[in-house]
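Just start_22.cif here, mmCIF, C-alpha atoms:
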data_entry
#
loop_
_atom_site.label_atom_id
_atom_site.label_comp_id
_atom_site.auth_asym_id
_atom_site.auth_seq_id
_atom_site.Cartn_x
_atom_site.Cartn_y
_atom_site.Cartn_z
CA MET A 1 -30.98 -11.64 -15.44
CA MET A 2 -27.55 -11.02 -16.95
CA SER A 3 -24.81 -10.03 -14.55
CA ASP A 4 -21.41 -9.01 -15.81
CA LEU A 5 -19.94 -9.21 -12.30
CA GLU A 6 -21.11 -12.83 -12.13
CA ASP A 7 -19.62 -13.50 -15.56
CA LEU A 8 -16.28 -12.02 -14.52
CA LYS A 9 -16.24 -14.00 -11.31
CA GLN A 10 -16.80 -17.23 -13.18
CA GLU A 11 -13.98 -16.50 -15.62
CA ILE A 12 -11.57 -15.58 -12.83
CA VAL A 13 -12.47 -18.54 -10.63
CA GLN A 14 -12.12 -20.92 -13.57
CA PHE A 15 -8.69 -19.47 -14.41
CA THR A 16 -7.64 -20.08 -10.81
CA GLN A 17 -9.02 -23.60 -10.58
CA GLU A 18 -7.39 -24.70 -13.85
CA ARG A 19 -4.04 -23.83 -12.25
CA ASP A 20 -4.88 -25.31 -8.83
CA TRP A 21 -4.19 -21.95 -7.19
CA ASP A 22 -7.00 -22.15 -4.63
CA GLN A 23 -4.50 -23.59 -2.15
CA PHE A 24 -2.65 -20.22 -2.07
CA HIS A 25 -5.77 -18.06 -2.02
CA ASN A 26 -6.48 -17.55 1.65
CA GLY A 27 -8.10 -14.21 2.49
CA LYS A 28 -4.97 -12.70 3.97
CA ASP A 29 -2.78 -13.32 0.94
CA LEU A 30 -5.54 -12.27 -1.46
CA ALA A 31 -5.84 -8.96 0.38
CA LEU A 32 -2.06 -8.60 0.25
CA ALA A 33 -2.06 -9.31 -3.49
CA LEU A 34 -4.80 -6.71 -3.99
CA SER A 35 -2.73 -4.15 -2.13
CA ILE A 36 0.35 -4.92 -4.21
CA GLU A 37 -1.61 -4.44 -7.43
CA ALA A 38 -3.09 -1.17 -6.15
CA SER A 39 0.47 -0.10 -5.45
CA GLU A 40 1.55 -0.98 -9.00
CA LEU A 41 -1.32 1.14 -10.27
CA ASN A 42 0.01 4.00 -8.17
CA GLU A 43 3.45 3.51 -9.64
CA ALA A 44 1.96 4.57 -13.00
CA PHE A 45 1.47 8.04 -11.46
CA LEU A 46 4.76 8.31 -9.53
CA TRP A 47 6.78 11.50 -10.16
CA LYS A 48 4.15 12.56 -12.69
CA ASP A 49 1.09 14.65 -13.27
CA ALA A 50 -2.01 12.55 -13.79
CA LYS A 51 -2.14 13.76 -17.41
CA ASP A 52 1.20 12.13 -18.32
CA VAL A 53 0.15 8.65 -17.35
CA ASN A 54 0.43 5.62 -19.64
CA ILE A 55 -3.12 4.39 -20.21
CA GLU A 56 -2.04 0.84 -21.05
CA LYS A 57 -0.35 0.56 -17.66
CA ILE A 58 -3.55 1.85 -16.00
CA LYS A 59 -5.62 -0.76 -17.79
CA GLU A 60 -3.31 -3.61 -16.79
CA GLU A 61 -2.96 -2.71 -13.15
CA LEU A 62 -6.60 -1.77 -12.67
CA ALA A 63 -7.56 -5.13 -14.19
CA ASP A 64 -5.33 -6.84 -11.62
CA VAL A 65 -7.04 -4.88 -8.86
CA PHE A 66 -10.47 -6.03 -10.03
CA ASN A 67 -9.18 -9.58 -10.38
CA TYR A 68 -8.15 -9.85 -6.73
CA ALA A 69 -11.08 -7.81 -5.42
CA ILE A 70 -13.45 -10.24 -7.14
CA LEU A 71 -11.54 -13.25 -5.79
CA ILE A 72 -11.87 -11.85 -2.26
CA ALA A 73 -15.60 -11.32 -2.74
CA ASP A 74 -15.86 -14.90 -3.96
CA LYS A 75 -13.77 -16.18 -1.03
CA TYR A 76 -16.21 -14.67 1.47
CA ASN A 77 -19.36 -15.25 -0.61
CA LEU A 78 -20.03 -11.54 -0.82
CA ASP A 79 -22.48 -10.00 -3.27
CA ILE A 80 -20.36 -7.20 -4.73
CA LYS A 81 -23.28 -5.06 -5.85
CA GLN A 82 -24.89 -5.39 -2.44
CA ILE A 83 -21.83 -4.46 -0.36
CA VAL A 84 -21.07 -1.45 -2.56
CA LEU A 85 -24.66 -0.18 -2.38
CA ASP A 86 -24.72 -0.77 1.40
CA LYS A 87 -21.52 1.25 1.77
CA LEU A 88 -22.87 4.06 -0.41
CA ARG A 89 -25.88 4.25 1.88
CA ARG A 90 -23.65 4.47 4.98
CA ASN A 91 -21.47 7.04 3.25
CA ALA A 92 -24.54 9.10 2.41
CA GLU A 93 -25.18 9.36 6.16
CA LYS A 94 -21.58 10.21 6.98
CA TYR A 95 -21.37 12.69 4.12
CA PRO A 96 -24.76 14.44 3.83
CA VAL A 97 -24.90 16.60 0.70
CA ASP A 98 -25.38 19.87 2.56
CA LYS A 99 -22.28 19.35 4.70
CA ALA A 100 -20.01 17.53 2.26
CA TYR A 101 -20.72 19.59 -0.85
CA GLY A 102 -17.45 20.70 -2.40
CA SER A 103 -15.39 19.53 0.58
CA ALA A 104 -12.59 16.95 0.65
CA LYS A 105 -12.64 16.69 4.42
CA LYS A 106 -13.14 13.41 6.21
CA TYR A 107 -16.57 12.90 7.77
CA ASN A 108 -15.15 13.33 11.27
CA GLU A 109 -13.86 16.79 10.33
CA LEU A 110 -16.98 18.04 8.54
CA MET D 1 -28.84 -5.76 -21.68
CA MET D 2 -28.63 -5.41 -17.91
CA SER D 3 -25.21 -4.69 -16.49
CA ASP D 4 -24.60 -4.57 -12.76
CA LEU D 5 -21.21 -2.92 -13.25
CA GLU D 6 -22.92 -0.18 -15.24
CA ASP D 7 -25.55 0.16 -12.50
CA LEU D 8 -22.89 0.46 -9.81
CA LYS D 9 -20.95 3.01 -11.82
CA GLN D 10 -24.03 5.17 -12.19
CA GLU D 11 -24.78 5.05 -8.47
CA ILE D 12 -21.19 5.90 -7.54
CA VAL D 13 -20.85 8.69 -10.08
CA GLN D 14 -24.15 10.21 -8.97
CA PHE D 15 -23.05 10.09 -5.32
CA THR D 16 -19.88 11.94 -6.32
CA GLN D 17 -21.61 14.54 -8.46
CA GLU D 18 -24.20 15.35 -5.80
CA ARG D 19 -21.30 16.33 -3.52
CA ASP D 20 -19.31 18.15 -6.22
CA TRP D 21 -16.35 15.88 -5.59
CA ASP D 22 -15.27 15.57 -9.24
CA GLN D 23 -12.87 18.44 -8.65
CA PHE D 24 -10.78 16.25 -6.31
CA HIS D 25 -10.98 13.11 -8.42
CA ASN D 26 -7.94 13.29 -10.65
CA GLY D 27 -6.49 9.90 -11.57
CA LYS D 28 -3.50 10.20 -9.24
CA ASP D 29 -5.54 10.85 -6.10
CA LEU D 30 -8.13 8.24 -7.03
CA ALA D 31 -5.35 5.64 -7.34
CA LEU D 32 -3.96 6.81 -4.00
CA ALA D 33 -7.42 6.51 -2.39
CA LEU D 34 -7.76 3.00 -3.82
CA SER D 35 -4.43 2.03 -2.33
CA ILE D 36 -5.39 3.42 1.07
CA GLU D 37 -8.62 1.41 1.06
CA ALA D 38 -6.75 -1.74 0.02
CA SER D 39 -4.47 -1.09 2.95
CA GLU D 40 -7.42 -0.76 5.33
CA LEU D 41 -8.68 -4.09 4.05
CA ASN D 42 -5.28 -5.57 4.88
CA GLU D 43 -5.50 -4.13 8.37
CA ALA D 44 -8.43 -6.49 8.96
CA PHE D 45 -5.91 -9.36 8.69
CA LEU D 46 -3.01 -7.81 10.61
CA TRP D 47 -1.53 -9.97 13.41
CA LYS D 48 -4.20 -12.58 12.66
CA ASP D 49 -4.93 -15.79 10.86
CA ALA D 50 -7.33 -15.31 7.97
CA LYS D 51 -9.94 -17.35 9.87
CA ASP D 52 -10.17 -14.79 12.73
CA VAL D 53 -11.13 -11.90 10.52
CA ASN D 54 -14.16 -9.68 11.09
CA ILE D 55 -16.42 -10.17 8.07
CA GLU D 56 -18.17 -6.80 8.50
CA LYS D 57 -14.81 -5.03 8.24
CA ILE D 58 -14.02 -7.04 5.07
CA LYS D 59 -17.34 -6.00 3.52
CA GLU D 60 -16.81 -2.32 4.30
CA GLU D 61 -13.24 -2.07 3.09
CA LEU D 62 -13.76 -4.23 0.03
CA ALA D 63 -16.73 -2.04 -0.89
CA ASP D 64 -14.45 1.01 -0.68
CA VAL D 65 -11.94 -0.73 -2.95
CA PHE D 66 -14.63 -1.38 -5.56
CA ASN D 67 -15.88 2.18 -5.18
CA TYR D 68 -12.54 3.74 -6.13
CA ALA D 69 -11.66 1.10 -8.72
CA ILE D 70 -14.94 1.86 -10.49
CA LEU D 71 -14.32 5.62 -10.29
CA ILE D 72 -10.90 5.13 -11.89
CA ALA D 73 -12.42 3.04 -14.67
CA ASP D 74 -14.97 5.79 -15.20
CA LYS D 75 -12.28 8.50 -15.17
CA TYR D 76 -10.43 6.80 -18.03
CA ASN D 77 -13.54 5.54 -19.82
CA LEU D 78 -12.47 1.95 -19.38
CA ASP D 79 -14.79 -1.00 -19.90
CA ILE D 80 -14.15 -2.99 -16.72
CA LYS D 81 -15.28 -6.32 -18.11
CA GLN D 82 -13.11 -5.82 -21.18
CA ILE D 83 -9.91 -4.90 -19.36
CA VAL D 84 -10.28 -7.81 -16.92
CA LEU D 85 -10.90 -10.32 -19.71
CA ASP D 86 -7.97 -8.88 -21.69
CA LYS D 87 -5.72 -9.28 -18.68
CA LEU D 88 -6.89 -12.85 -18.08
CA ARG D 89 -5.95 -13.65 -21.67
CA ARG D 90 -2.47 -12.18 -21.21
CA ASN D 91 -2.10 -14.01 -17.91
CA ALA D 92 -3.09 -17.25 -19.60
CA GLU D 93 -0.06 -16.81 -21.86
CA LYS D 94 2.28 -15.92 -19.00
CA TYR D 95 0.94 -18.73 -16.85
CA PRO D 96 0.17 -21.70 -19.13
CA VAL D 97 -1.64 -24.44 -17.22
CA ASP D 98 1.07 -27.07 -17.71
CA LYS D 99 3.77 -24.84 -16.24
CA ALA D 100 1.79 -22.91 -13.61
CA TYR D 101 -0.27 -25.80 -12.22
CA GLY D 102 0.04 -25.85 -8.45
CA SER D 103 2.82 -23.26 -8.41
CA ALA D 104 2.85 -19.84 -6.72
CA LYS D 105 5.93 -18.71 -8.64
CA LYS D 106 5.93 -15.56 -10.72
CA TYR D 107 5.82 -16.10 -14.48
CA ASN D 108 9.45 -15.04 -14.87
CA GLU D 109 10.52 -17.81 -12.46
CA LEU D 110 8.41 -20.60 -13.93
CA MET T 1 28.74 12.93 18.43
CA MET T 2 28.56 10.40 15.64
CA SER T 3 25.15 9.83 14.11
CA ASP T 4 24.59 7.05 11.62
CA LEU T 5 21.19 8.46 10.67
CA GLU T 6 22.87 11.75 9.82
CA ASP T 7 25.51 9.89 7.81
CA LEU T 8 22.86 7.99 5.87
CA LYS T 9 20.89 11.14 5.19
CA GLN T 10 23.97 12.84 3.77
CA GLU T 11 24.73 9.90 1.48
CA ILE T 12 21.14 9.71 0.23
CA VAL T 13 20.77 13.44 -0.29
CA GLN T 14 24.08 13.58 -2.17
CA PHE T 15 22.97 10.70 -4.41
CA THR T 16 19.80 12.62 -5.19
CA GLN T 17 21.49 15.93 -5.82
CA GLU T 18 24.09 14.43 -8.15
CA ARG T 19 21.21 13.29 -10.35
CA ASP T 20 19.19 16.52 -10.02
CA TRP T 21 16.24 14.55 -8.66
CA ASP T 22 15.14 17.15 -6.09
CA GLN T 23 12.73 18.53 -8.66
CA PHE T 24 10.66 15.32 -8.47
CA HIS T 25 10.88 14.93 -4.72
CA ASN T 26 7.83 16.73 -3.42
CA GLY T 27 6.40 15.26 -0.22
CA LYS T 28 3.43 13.65 -1.92
CA ASP T 29 5.45 11.68 -4.44
CA LEU T 30 8.06 10.73 -1.85
CA ALA T 31 5.30 9.29 0.34
CA LEU T 32 3.92 7.46 -2.68
CA ALA T 33 7.38 6.06 -3.48
CA LEU T 34 7.74 4.91 0.13
CA SER T 35 4.42 3.12 -0.07
CA ILE T 36 5.39 1.40 -3.33
CA GLU T 37 8.63 0.15 -1.79
CA ALA T 38 6.77 -1.08 1.30
CA SER T 39 4.49 -2.95 -1.06
CA GLU T 40 7.46 -4.54 -2.85
CA LEU T 41 8.74 -5.67 0.52
CA ASN T 42 5.34 -7.28 1.14
CA GLU T 43 5.56 -9.03 -2.20
CA ALA T 44 8.51 -10.98 -0.77
CA PHE T 45 6.01 -12.63 1.61
CA LEU T 46 3.11 -13.13 -0.79
CA TRP T 47 1.65 -16.69 -0.94
CA LYS T 48 4.32 -17.75 1.55
CA ASP T 49 5.09 -18.42 5.16
CA ALA T 50 7.47 -15.87 6.63
CA LYS T 51 10.09 -18.62 6.97
CA ASP T 52 10.31 -19.18 3.17
CA VAL T 53 11.24 -15.62 2.37
CA ASN T 54 14.28 -14.64 0.30
CA ILE T 55 16.51 -12.60 2.60
CA GLU T 56 18.25 -10.76 -0.26
CA LYS T 57 14.87 -9.46 -1.44
CA ILE T 58 14.11 -8.31 2.12
CA LYS T 59 17.39 -6.43 2.31
CA GLU T 60 16.85 -4.67 -1.01
CA GLU T 61 13.28 -3.61 -0.42
CA LEU T 62 13.80 -2.63 3.20
CA ALA T 63 16.76 -0.50 2.11
CA ASP T 64 14.45 1.26 -0.37
CA VAL T 65 11.95 1.88 2.41
CA PHE T 66 14.63 3.50 4.59
CA ASN T 67 15.87 5.49 1.61
CA TYR T 68 12.51 7.19 1.02
CA ALA T 69 11.63 7.48 4.71
CA ILE T 70 14.90 9.36 5.25
CA LEU T 71 14.26 11.60 2.23
CA ILE T 72 10.83 12.49 3.64
CA ALA T 73 12.36 13.31 7.03
CA ASP T 74 14.90 15.50 5.23
CA LYS T 75 12.18 17.17 3.15
CA TYR T 76 10.33 18.27 6.29
CA ASN T 77 13.45 18.88 8.41
CA LEU T 78 12.40 16.22 10.87
CA ASP T 79 14.73 14.74 13.46
CA ILE T 80 14.12 11.03 12.96
CA LYS T 81 15.25 9.97 16.40
CA GLN T 82 13.07 12.64 17.98
CA ILE T 83 9.87 11.81 16.13
CA VAL T 84 10.27 8.08 16.79
CA LEU T 85 10.88 8.61 20.51
CA ASP T 86 7.94 11.04 20.68
CA LYS T 87 5.69 8.45 19.06
CA LEU T 88 6.91 5.71 21.41
CA ARG T 89 5.96 7.95 24.32
CA ARG T 90 2.47 8.52 22.91
CA ASN T 91 2.12 4.80 22.20
CA ALA T 92 3.12 4.03 25.78
CA GLU T 93 0.06 6.03 26.87
CA LYS T 94 -2.24 4.39 24.36
CA TYR T 95 -0.88 0.94 25.14
CA PRO T 96 -0.12 0.80 28.89
CA VAL T 97 1.71 -2.41 29.77
CA ASP T 98 -0.97 -3.73 32.09
CA LYS T 99 -3.69 -3.44 29.43
CA ALA T 100 -1.71 -4.21 26.30
CA TYR T 101 0.38 -7.12 27.61
CA GLY T 102 0.09 -10.06 25.24
CA SER T 103 -2.71 -8.46 23.24
CA ALA T 104 -2.74 -7.56 19.53
CA LYS T 105 -5.84 -5.38 19.89
CA LYS T 106 -5.86 -1.77 18.79
CA TYR T 107 -5.78 0.78 21.59
CA ASN T 108 -9.43 1.73 21.03
CA GLU T 109 -10.46 -1.90 21.61
CA LEU T 110 -8.34 -2.53 24.70
CA MET G 1 30.95 4.50 18.85
CA MET G 2 27.51 6.04 19.34
CA SER G 3 24.82 4.92 16.99
CA ASP G 4 21.42 6.53 16.98
CA LEU G 5 19.96 3.70 14.91
CA GLU G 6 21.16 1.25 17.55
CA ASP G 7 19.64 3.44 20.28
CA LEU G 8 16.31 3.57 18.49
CA LYS G 9 16.30 -0.16 17.94
CA GLN G 10 16.86 -0.79 21.63
CA GLU G 11 14.03 1.53 22.63
CA ILE G 12 11.63 -0.03 20.15
CA VAL G 13 12.55 -3.61 21.01
CA GLN G 14 12.19 -2.87 24.71
CA PHE G 15 8.75 -1.33 24.14
CA THR G 16 7.73 -4.49 22.31
CA GLN G 17 9.13 -6.90 24.87
CA GLU G 18 7.49 -5.11 27.80
CA ARG G 19 4.14 -5.80 26.11
CA ASP G 20 5.01 -9.37 25.06
CA TRP G 21 4.30 -8.50 21.44
CA ASP G 22 7.13 -10.56 19.94
CA GLN G 23 4.65 -13.39 19.48
CA PHE G 24 2.78 -11.35 16.83
CA HIS G 25 5.88 -9.96 15.14
CA ASN G 26 6.61 -12.46 12.41
CA GLY G 27 8.21 -10.95 9.31
CA LYS G 28 5.07 -11.16 7.20
CA ASP G 29 2.87 -9.22 9.62
CA LEU G 30 5.61 -6.69 10.35
CA ALA G 31 5.91 -5.99 6.62
CA LEU G 32 2.13 -5.69 6.44
CA ALA G 33 2.11 -3.25 9.38
CA LEU G 34 4.84 -1.19 7.70
CA SER G 35 2.76 -1.01 4.54
CA ILE G 36 -0.33 0.09 6.48
CA GLU G 37 1.63 2.88 8.17
CA ALA G 38 3.08 3.99 4.83
CA SER G 39 -0.47 4.13 3.57
CA GLU G 40 -1.56 6.28 6.51
CA LEU G 41 1.29 8.63 5.71
CA ASN G 42 -0.04 8.84 2.15
CA GLU G 43 -3.50 9.65 3.49
CA ALA G 44 -2.02 12.91 4.80
CA PHE G 45 -1.56 13.94 1.16
CA LEU G 46 -4.83 12.62 -0.27
CA TRP G 47 -6.89 15.13 -2.31
CA LYS G 48 -4.27 17.78 -1.52
CA ASP G 49 -1.22 19.57 -2.78
CA ALA G 50 1.90 18.65 -0.82
CA LYS G 51 2.03 22.19 0.54
CA ASP G 52 -1.33 21.84 2.40
CA VAL G 53 -0.25 18.88 4.44
CA ASN G 54 -0.52 18.68 8.24
CA ILE G 55 3.04 18.37 9.54
CA GLU G 56 1.97 16.73 12.82
CA LYS G 57 0.29 13.94 10.87
CA ILE G 58 3.49 13.51 8.80
CA LYS G 59 5.57 13.21 11.95
CA GLU G 60 3.28 10.62 13.52
CA GLU G 61 2.93 8.40 10.50
CA LEU G 62 6.57 8.65 9.46
CA ALA G 63 7.55 7.68 13.01
CA ASP G 64 5.34 4.58 12.68
CA VAL G 65 7.05 3.74 9.39
CA PHE G 66 10.50 3.92 11.02
CA ASN G 67 9.21 1.92 13.97
CA TYR G 68 8.21 -1.07 11.86
CA ALA G 69 11.12 -0.75 9.44
CA ILE G 70 13.50 -0.97 12.41
CA LEU G 71 11.61 -3.95 13.85
CA ILE G 72 11.94 -5.75 10.51
CA ALA G 73 15.67 -5.02 10.40
CA ASP G 74 15.94 -6.38 13.93
CA LYS G 75 13.89 -9.47 13.05
CA TYR G 76 16.32 -10.40 10.28
CA ASN G 77 19.46 -9.17 12.05
CA LEU G 78 20.12 -6.62 9.34
CA ASP G 79 22.54 -3.73 9.71
CA ILE G 80 20.41 -0.83 8.51
CA LYS G 81 23.31 1.41 7.57
CA GLN G 82 24.93 -1.42 5.64
CA ILE G 83 21.88 -2.43 3.61
CA VAL G 84 21.09 1.18 2.71
CA LEU G 85 24.66 1.89 1.60
CA ASP G 86 24.73 -1.39 -0.35
CA LYS G 87 21.52 -0.41 -2.14
CA LEU G 88 22.84 3.07 -2.92
CA ARG G 89 25.86 1.44 -4.54
CA ARG G 90 23.66 -0.80 -6.68
CA ASN G 91 21.43 2.14 -7.55
CA ALA G 92 24.51 4.12 -8.60
CA GLU G 93 25.15 1.40 -11.19
CA LYS G 94 21.53 1.29 -12.36
CA TYR G 95 21.30 5.08 -12.44
CA PRO G 96 24.68 6.45 -13.61
CA VAL G 97 24.79 10.23 -13.28
CA ASP G 98 25.27 10.90 -16.99
CA LYS G 99 22.16 8.90 -17.95
CA ALA G 100 19.91 9.59 -14.97
CA TYR G 101 20.60 13.32 -14.56
CA GLY G 102 17.30 15.20 -14.40
CA SER G 103 15.27 12.15 -15.43
CA ALA G 104 12.49 10.43 -13.46
CA LYS G 105 12.55 7.35 -15.71
CA LYS G 106 13.07 3.88 -14.32
CA TYR G 107 16.51 2.39 -14.94
CA ASN G 108 15.11 -0.04 -17.52
CA GLU G 109 13.78 2.89 -19.56
CA LEU G 110 16.88 5.08 -19.40
#
For this file, produce the structure as structure tokens.
Amino acid sequence: MMSDLEDLKQEIVQFTQERDWDQFHNGKDLALALSIEASELNEAFLWKDAKDVNIEKIKEELADVFNYAILIADKYNLDIKQIVLDKLRRNAEKYPVDKAYGSAKKYNEL
Amino acid sequence: MMSDLEDLKQEIVQFTQERDWDQFHNGKDLALALSIEASELNEAFLWKDAKDVNIEKIKEELADVFNYAILIADKYNLDIKQIVLDKLRRNAEKYPVDKAYGSAKKYNEL
Amino acid sequence: MMSDLEDLKQEIVQFTQERDWDQFHNGKDLALALSIEASELNEAFLWKDAKDVNIEKIKEELADVFNYAILIADKYNLDIKQIVLDKLRRNAEKYPVDKAYGSAKKYNEL
Amino acid sequence: MMSDLEDLKQEIVQFTQERDWDQFHNGKDLALALSIEASELNEAFLWKDAKDVNIEKIKEELADVFNYAILIADKYNLDIKQIVLDKLRRNAEKYPVDKAYGSAKKYNEL
């Protein structure tokens, strides 16, 4: 079966190995790098309405977010599809449709 | 062709629609939510060596990161695989193997 | 009584007013700006041991953090000294010395 | 001369020493903790207009931000007032009033 997540992971891991960057990629720094990229994505929206955002900046920073998120999944041998589906299932329990419908409250305030 | 990213997107979007949460999901707040989840992932490593981390916490928080990153891609109709591969290509120019090999420097310091 | 926090606030607010930047400084964007600066401070430590950090970068980014933190306090008319001392008092209850001594655990795990 | 920043620093450092937490407080983890608190402050604004924010949550999280920012300044023996005033001076050069007036652009786009 084709898997585009698997394809992406292979491309990203190869990019990293060609540069011998594994030595820097401990989990803690990868998570830090992810957070920094998420912050750069947020900078695209700073002092602005969402509608005035530069889409090229979004693409670049969101790509960086996926890049590090995939490297972290690889680091810990996590199946991305599986962990996301597992979390959706837990969220479905915390946010049942009848309670959470149309509400932005956190589950512990519902 | 099968696509696990497309599958995930459909699951996540459906989860959101069932709860009528689209109304809250402007790009700016989605990016903010992503950043908050990235920060919660970092909290798993706070005051610790990477080796002492709780893997269940990593799974949960990384899943949340993917969740919002995918929602942002959906919001802006971005092809995740495409933007990541595009970015890798640009990074390959900024970090040519002969210069970047074994170095953690930023491209503008290489 | 002299107050260096009050002095700093006046300098920062004047800087902002001279540029007519109040219009952008709603609480949400100020908090976002603070988070972005905190992230830039973290970038000084990325892929590194704390000992290899560039102190000039620390100074710059930490100054930016204080800048926005003070603007947020001003926005909500908060007495910085008061809120920090109040929080210390609450933390003293959550982290009593006999339980928290030498431990990096969160209060709900103590 | 009285200094409320100096007072705060002493209170915070004492709180830390009483719990023997210095051992965890390397610069890298302190910066990470600061970033996590900044993120929790942002969570107060998530999915909301700035006007709907809970002021008690703002106080708590902003206090945590100051707490770690002051610990970082202490760690590197930085004079908070000095670094903030130094940065304001540099920002005044990057954002001269005649160019920056009423504009939210970054200095490199002015």
TODO: Pull out every residue of chain A that has at least one atom within 9 Å of chain T, counting only C-alpha atoms, and report them as a PyMOL selection string.
DONE: chain A and resi 24-26+29-30+32-33+35-37+39-40+42-43+45-48
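Computed from the coordinates, the atom CA of D:Tyr101 to atom CA of T:Ile55 distance equals 26.0 Å.
For the atom pair formed by atom CA of G:Phe66 and atom CA of G:Lys94, the distance is 26.0 Å, given to one decimal.
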Task: Picked residues, the PyMOL selection byres ((chain T and resi 11) around 12), expected as a PyMOL selection string - done: (chain T and resi 4-10+12-18+67+70-71+74) or (chain G and resi 81+84-89+92)
Open item on the list: Going by the chain IDs and residue numbers used in this file, which residues fall under the PyMOL selection byres ((chain T and resi 104) around 8)? Write them as an MDAnalysis selection string.
Closed with: (chainID D and resid 47) or (chainID T and resid 100 102:103 105:106) or (chainID G and resid 21 24)
Open item on the list: If I take atom CA of G:Gly27 and atom CA of A:Gly27, how far is one from the other in Å, to one decimal?
Closed with: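 Computed distance, atom CA of G:Gly27 to atom CA of A:Gly27, equals 18.0 Å.
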Task: Selection result of the PyMOL selection byres ((chain G and resi 56) around 12) on this file, as a list in words - done: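 Checked against the file, the PyMOL selection byres ((chain G and resi 56) around 12) matches Tyr76, Leu78, Ile83, Asp86 and Lys87 of chain T; Leu41, Ala44, Val53, Asn54, Ile55, Lys57, Ile58, Lys59, Glu60, Glu61, Leu62 and Ala63 of chain G.
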Open item on the list: Nearest residue to G:Leu34 out of T:Gln82, T:Asp20, T:Val65, T:Lys51, using all atoms listed in the file?
Closed with: T:Val65
Residue completion, stretch 38-49 of chain G, N, CA, C and O atoms, as a compact mmCIF listing (two decimals), in the frame of the given file:
# COMPACT_ATOMS: atom_id res chain seq x y z
N ALA G 38 2.71 3.21 6.02
CA ALA G 38 3.08 3.99 4.83
C ALA G 38 1.83 4.53 4.15
O ALA G 38 1.80 5.66 3.65
N SER G 39 0.79 3.72 4.17
CA SER G 39 -0.47 4.13 3.57
C SER G 39 -1.12 5.26 4.37
O SER G 39 -1.69 6.20 3.80
N GLU G 40 -1.02 5.19 5.68
CA GLU G 40 -1.56 6.28 6.51
C GLU G 40 -0.78 7.58 6.29
O GLU G 40 -1.35 8.67 6.32
N LEU G 41 0.51 7.44 6.07
CA LEU G 41 1.29 8.63 5.71
C LEU G 41 0.77 9.23 4.39
O LEU G 41 0.60 10.44 4.26
N ASN G 42 0.49 8.36 3.43
CA ASN G 42 -0.04 8.84 2.15
C ASN G 42 -1.40 9.52 2.32
O ASN G 42 -1.73 10.44 1.57
N GLU G 43 -2.18 9.05 3.28
CA GLU G 43 -3.50 9.65 3.49
C GLU G 43 -3.37 11.13 3.86
O GLU G 43 -4.27 11.93 3.58
N ALA G 44 -2.25 11.50 4.46
CA ALA G 44 -2.02 12.91 4.80
C ALA G 44 -1.98 13.79 3.55
O ALA G 44 -2.21 15.00 3.63
N PHE G 45 -1.69 13.18 2.41
CA PHE G 45 -1.56 13.94 1.16
C PHE G 45 -2.77 13.80 0.23
O PHE G 45 -2.82 14.42 -0.82
N LEU G 46 -3.71 12.95 0.63
CA LEU G 46 -4.83 12.62 -0.27
C LEU G 46 -5.71 13.84 -0.56
O LEU G 46 -6.09 14.56 0.36
N TRP G 47 -6.05 14.02 -1.82
CA TRP G 47 -6.89 15.13 -2.31
C TRP G 47 -6.24 16.50 -2.07
O TRP G 47 -6.93 17.52 -2.05
N LYS G 48 -4.94 16.52 -1.87
CA LYS G 48 -4.27 17.78 -1.52
C LYS G 48 -3.01 18.01 -2.32
O LYS G 48 -2.39 17.07 -2.81
N ASP G 49 -2.58 19.26 -2.38
CA ASP G 49 -1.22 19.57 -2.78
C ASP G 49 -0.31 19.30 -1.58
O ASP G 49 -0.73 19.45 -0.42
